[in-house]
Amino acid sequence: MDNAKTTAVSGCIIWFVLITFIGSCVMPIFFVGGTLSSFTDFAIQTTGGWLCPEGTTPEKYTYQTTMNDEYGNPRPATAYELHCVDASGEVVKKDPIAYAFIWIGIWAGIGVIVSVVLTFILAVPGGMLVTKVLNKMRTSKM
């Protein structure tokens, strides 16, 4: 195998390993971050700017409800909704879930960007290492 082929093979190997490893570490962090912050005022205001009709204000609405735990037992919980309120105080639109999906999607997109940037940063030294190992293997067989 000549040097150009070795470099190409090592580049593919290192990209696959890095994006798999980095993505498996980074993406869950960003999903959890998006989920835990989806009920904040900032998340409501940001997504409400896209989801609410013109002339309405996005507001966070909470209410008490129940949810079942892993054993099927009901437990108290707090539910969050995005309400779009017009100038008279009337709720024009209610959104219990789309705003959260959009918010978590934003965080996931940021996680993808962070993963790609870290892969770029680590690809050159990792590629050099893999090329060095492949070249050593090649010369030891000769």
# chains A, B, ... in the order shown; residues from 1 in each chain; ligands from 1
>>> residues_around(residues="Phe120 (chain A)", least_positions_apart="6", cutoff="10 Å", atoms="only C-alpha atoms", output="VMD selection string")
chain A and resid 15 18 to 19 114
>>> write_last_selection(atoms="N, CA and C atoms", output="compact mmCIF listing (two decimals), in the first residue's frame")
# COMPACT_ATOMS: atom_id res chain seq x y z
N TRP A 15 -11.95 9.46 10.93
CA TRP A 15 -13.23 10.18 10.90
C TRP A 15 -14.35 9.33 11.49
N LEU A 18 -13.75 8.99 15.34
CA LEU A 18 -13.96 10.26 16.05
C LEU A 18 -15.42 10.68 16.07
N ILE A 19 -16.08 10.64 14.93
CA ILE A 19 -17.48 11.11 14.90
C ILE A 19 -18.36 10.18 15.72
N VAL A 114 -21.13 21.07 17.46
CA VAL A 114 -20.02 20.85 18.41
C VAL A 114 -19.29 19.55 18.07
>>> residues_around(residues="region 59-62 of chain A", least_positions_apart="4", cutoff="7 Å", atoms="only C-alpha atoms", output="PDB file with all heavy atoms, in the first residue's frame")
ATOM      1  N   ASP A  41     -38.389  30.314  30.581  1.00  0.00           N
ATOM      2  CA  ASP A  41     -38.976  31.469  29.899  1.00  0.00           C
ATOM      3  C   ASP A  41     -38.247  31.781  28.598  1.00  0.00           C
ATOM      4  O   ASP A  41     -38.873  32.167  27.614  1.00  0.00           O
ATOM      5  CB  ASP A  41     -38.971  32.696  30.822  1.00  0.00           C
ATOM      6  CG  ASP A  41     -39.994  32.592  31.933  1.00  0.00           C
ATOM      7  OD1 ASP A  41     -41.060  31.977  31.703  1.00  0.00           O
ATOM      8  OD2 ASP A  41     -39.742  33.116  33.034  1.00  0.00           O
ATOM      9  N   ILE A  44     -39.502  29.433  25.930  1.00  0.00           N
ATOM     10  CA  ILE A  44     -40.873  29.809  25.540  1.00  0.00           C
ATOM     11  C   ILE A  44     -40.853  31.051  24.648  1.00  0.00           C
ATOM     12  O   ILE A  44     -41.521  31.099  23.614  1.00  0.00           O
ATOM     13  CB  ILE A  44     -41.740  30.066  26.801  1.00  0.00           C
ATOM     14  CG1 ILE A  44     -41.900  28.780  27.615  1.00  0.00           C
ATOM     15  CG2 ILE A  44     -43.075  30.683  26.446  1.00  0.00           C
ATOM     16  CD1 ILE A  44     -42.808  27.747  26.999  1.00  0.00           C
ATOM     17  N   THR A  78     -45.853  18.536  36.983  1.00  0.00           N
ATOM     18  CA  THR A  78     -46.207  19.852  36.459  1.00  0.00           C
ATOM     19  C   THR A  78     -46.110  19.797  34.944  1.00  0.00           C
ATOM     20  O   THR A  78     -45.109  19.338  34.400  1.00  0.00           O
ATOM     21  CB  THR A  78     -45.247  20.931  37.004  1.00  0.00           C
ATOM     22  OG1 THR A  78     -45.303  20.907  38.433  1.00  0.00           O
ATOM     23  CG2 THR A  78     -45.628  22.304  36.504  1.00  0.00           C
ATOM     24  N   ALA A  79     -47.145  20.265  34.266  1.00  0.00           N
ATOM     25  CA  ALA A  79     -47.150  20.317  32.804  1.00  0.00           C
ATOM     26  C   ALA A  79     -46.910  21.753  32.361  1.00  0.00           C
ATOM     27  O   ALA A  79     -47.300  22.707  33.044  1.00  0.00           O
ATOM     28  CB  ALA A  79     -48.478  19.810  32.263  1.00  0.00           C
ATOM     29  N   TYR A  80     -46.254  21.909  31.223  1.00  0.00           N
ATOM     30  CA  TYR A  80     -45.930  23.221  30.675  1.00  0.00           C
ATOM     31  C   TYR A  80     -46.522  23.340  29.281  1.00  0.00           C
ATOM     32  O   TYR A  80     -46.477  22.398  28.505  1.00  0.00           O
ATOM     33  CB  TYR A  80     -44.415  23.409  30.603  1.00  0.00           C
ATOM     34  CG  TYR A  80     -43.743  23.345  31.939  1.00  0.00           C
ATOM     35  CD1 TYR A  80     -43.299  22.141  32.462  1.00  0.00           C
ATOM     36  CD2 TYR A  80     -43.562  24.492  32.700  1.00  0.00           C
ATOM     37  CE1 TYR A  80     -42.692  22.072  33.696  1.00  0.00           C
ATOM     38  CE2 TYR A  80     -42.951  24.444  33.940  1.00  0.00           C
ATOM     39  CZ  TYR A  80     -42.521  23.227  34.431  1.00  0.00           C
ATOM     40  OH  TYR A  80     -41.920  23.161  35.668  1.00  0.00           O
ATOM     41  N   GLU A  81     -47.065  24.516  28.973  1.00  0.00           N
ATOM     42  CA  GLU A  81     -47.608  24.806  27.653  1.00  0.00           C
ATOM     43  C   GLU A  81     -47.164  26.187  27.227  1.00  0.00           C
ATOM     44  O   GLU A  81     -46.934  27.069  28.056  1.00  0.00           O
ATOM     45  CB  GLU A  81     -49.141  24.763  27.652  1.00  0.00           C
ATOM     46  CG  GLU A  81     -49.748  23.406  27.798  1.00  0.00           C
ATOM     47  CD  GLU A  81     -51.271  23.426  27.696  1.00  0.00           C
ATOM     48  OE1 GLU A  81     -51.871  24.522  27.609  1.00  0.00           O
ATOM     49  OE2 GLU A  81     -51.863  22.343  27.712  1.00  0.00           O
ATOM     50  N   LEU A  82     -47.098  26.367  25.926  1.00  0.00           N
ATOM     51  CA  LEU A  82     -46.890  27.684  25.340  1.00  0.00           C
ATOM     52  C   LEU A  82     -48.268  28.242  24.995  1.00  0.00           C
ATOM     53  O   LEU A  82     -49.045  27.583  24.297  1.00  0.00           O
ATOM     54  CB  LEU A  82     -46.044  27.580  24.067  1.00  0.00           C
ATOM     55  CG  LEU A  82     -46.042  28.781  23.131  1.00  0.00           C
ATOM     56  CD1 LEU A  82     -45.358  29.976  23.786  1.00  0.00           C
ATOM     57  CD2 LEU A  82     -45.365  28.437  21.824  1.00  0.00           C
ATOM     58  N   HIS A  83     -48.591  29.401  25.540  1.00  0.00           N
ATOM     59  CA  HIS A  83     -49.837  30.077  25.205  1.00  0.00           C
ATOM     60  C   HIS A  83     -49.502  31.362  24.466  1.00  0.00           C
ATOM     61  O   HIS A  83     -48.632  32.125  24.904  1.00  0.00           O
ATOM     62  CB  HIS A  83     -50.649  30.410  26.454  1.00  0.00           C
ATOM     63  CG  HIS A  83     -51.365  29.223  27.026  1.00  0.00           C
ATOM     64  ND1 HIS A  83     -52.334  29.336  27.984  1.00  0.00           N
ATOM     65  CD2 HIS A  83     -51.259  27.889  26.773  1.00  0.00           C
ATOM     66  CE1 HIS A  83     -52.793  28.137  28.300  1.00  0.00           C
ATOM     67  NE2 HIS A  83     -52.144  27.243  27.583  1.00  0.00           N
ATOM     68  N   CYS A  84     -50.207  31.603  23.377  1.00  0.00           N
ATOM     69  CA  CYS A  84     -50.063  32.838  22.611  1.00  0.00           C
ATOM     70  C   CYS A  84     -51.230  33.745  23.007  1.00  0.00           C
ATOM     71  O   CYS A  84     -52.395  33.419  22.744  1.00  0.00           O
ATOM     72  CB  CYS A  84     -50.085  32.558  21.118  1.00  0.00           C
ATOM     73  SG  CYS A  84     -48.793  31.405  20.598  1.00  0.00           S
TER      74      CYS A  84
END
>>> atom_distance(atom1="CA of Ile13 (chain A)", atom2="CA of Trp107 (chain A)")
27.8 Å
>>> residues_around(residues="Tyr99 (chain A)", least_positions_apart="2", cutoff="8 Å", atoms="only C-alpha atoms", output="compact mmCIF listing (two decimals) with C-alpha atoms, in the first residue's frame")
# COMPACT_ATOMS: atom_id res chain seq x y z
CA ILE A 44 -40.87 29.81 25.54
CA THR A 47 -39.95 29.27 20.15
CA GLY A 48 -43.06 31.39 20.73
CA LEU A 51 -45.07 29.61 16.63
CA LEU A 82 -46.89 27.68 25.34
CA ASP A 95 -49.13 24.57 22.15
CA PRO A 96 -48.35 21.81 24.65
CA ILE A 97 -45.59 20.02 22.75
CA PHE A 101 -39.66 19.54 20.14
CA ILE A 102 -38.38 22.64 18.35
CA TRP A 103 -36.33 23.68 21.39
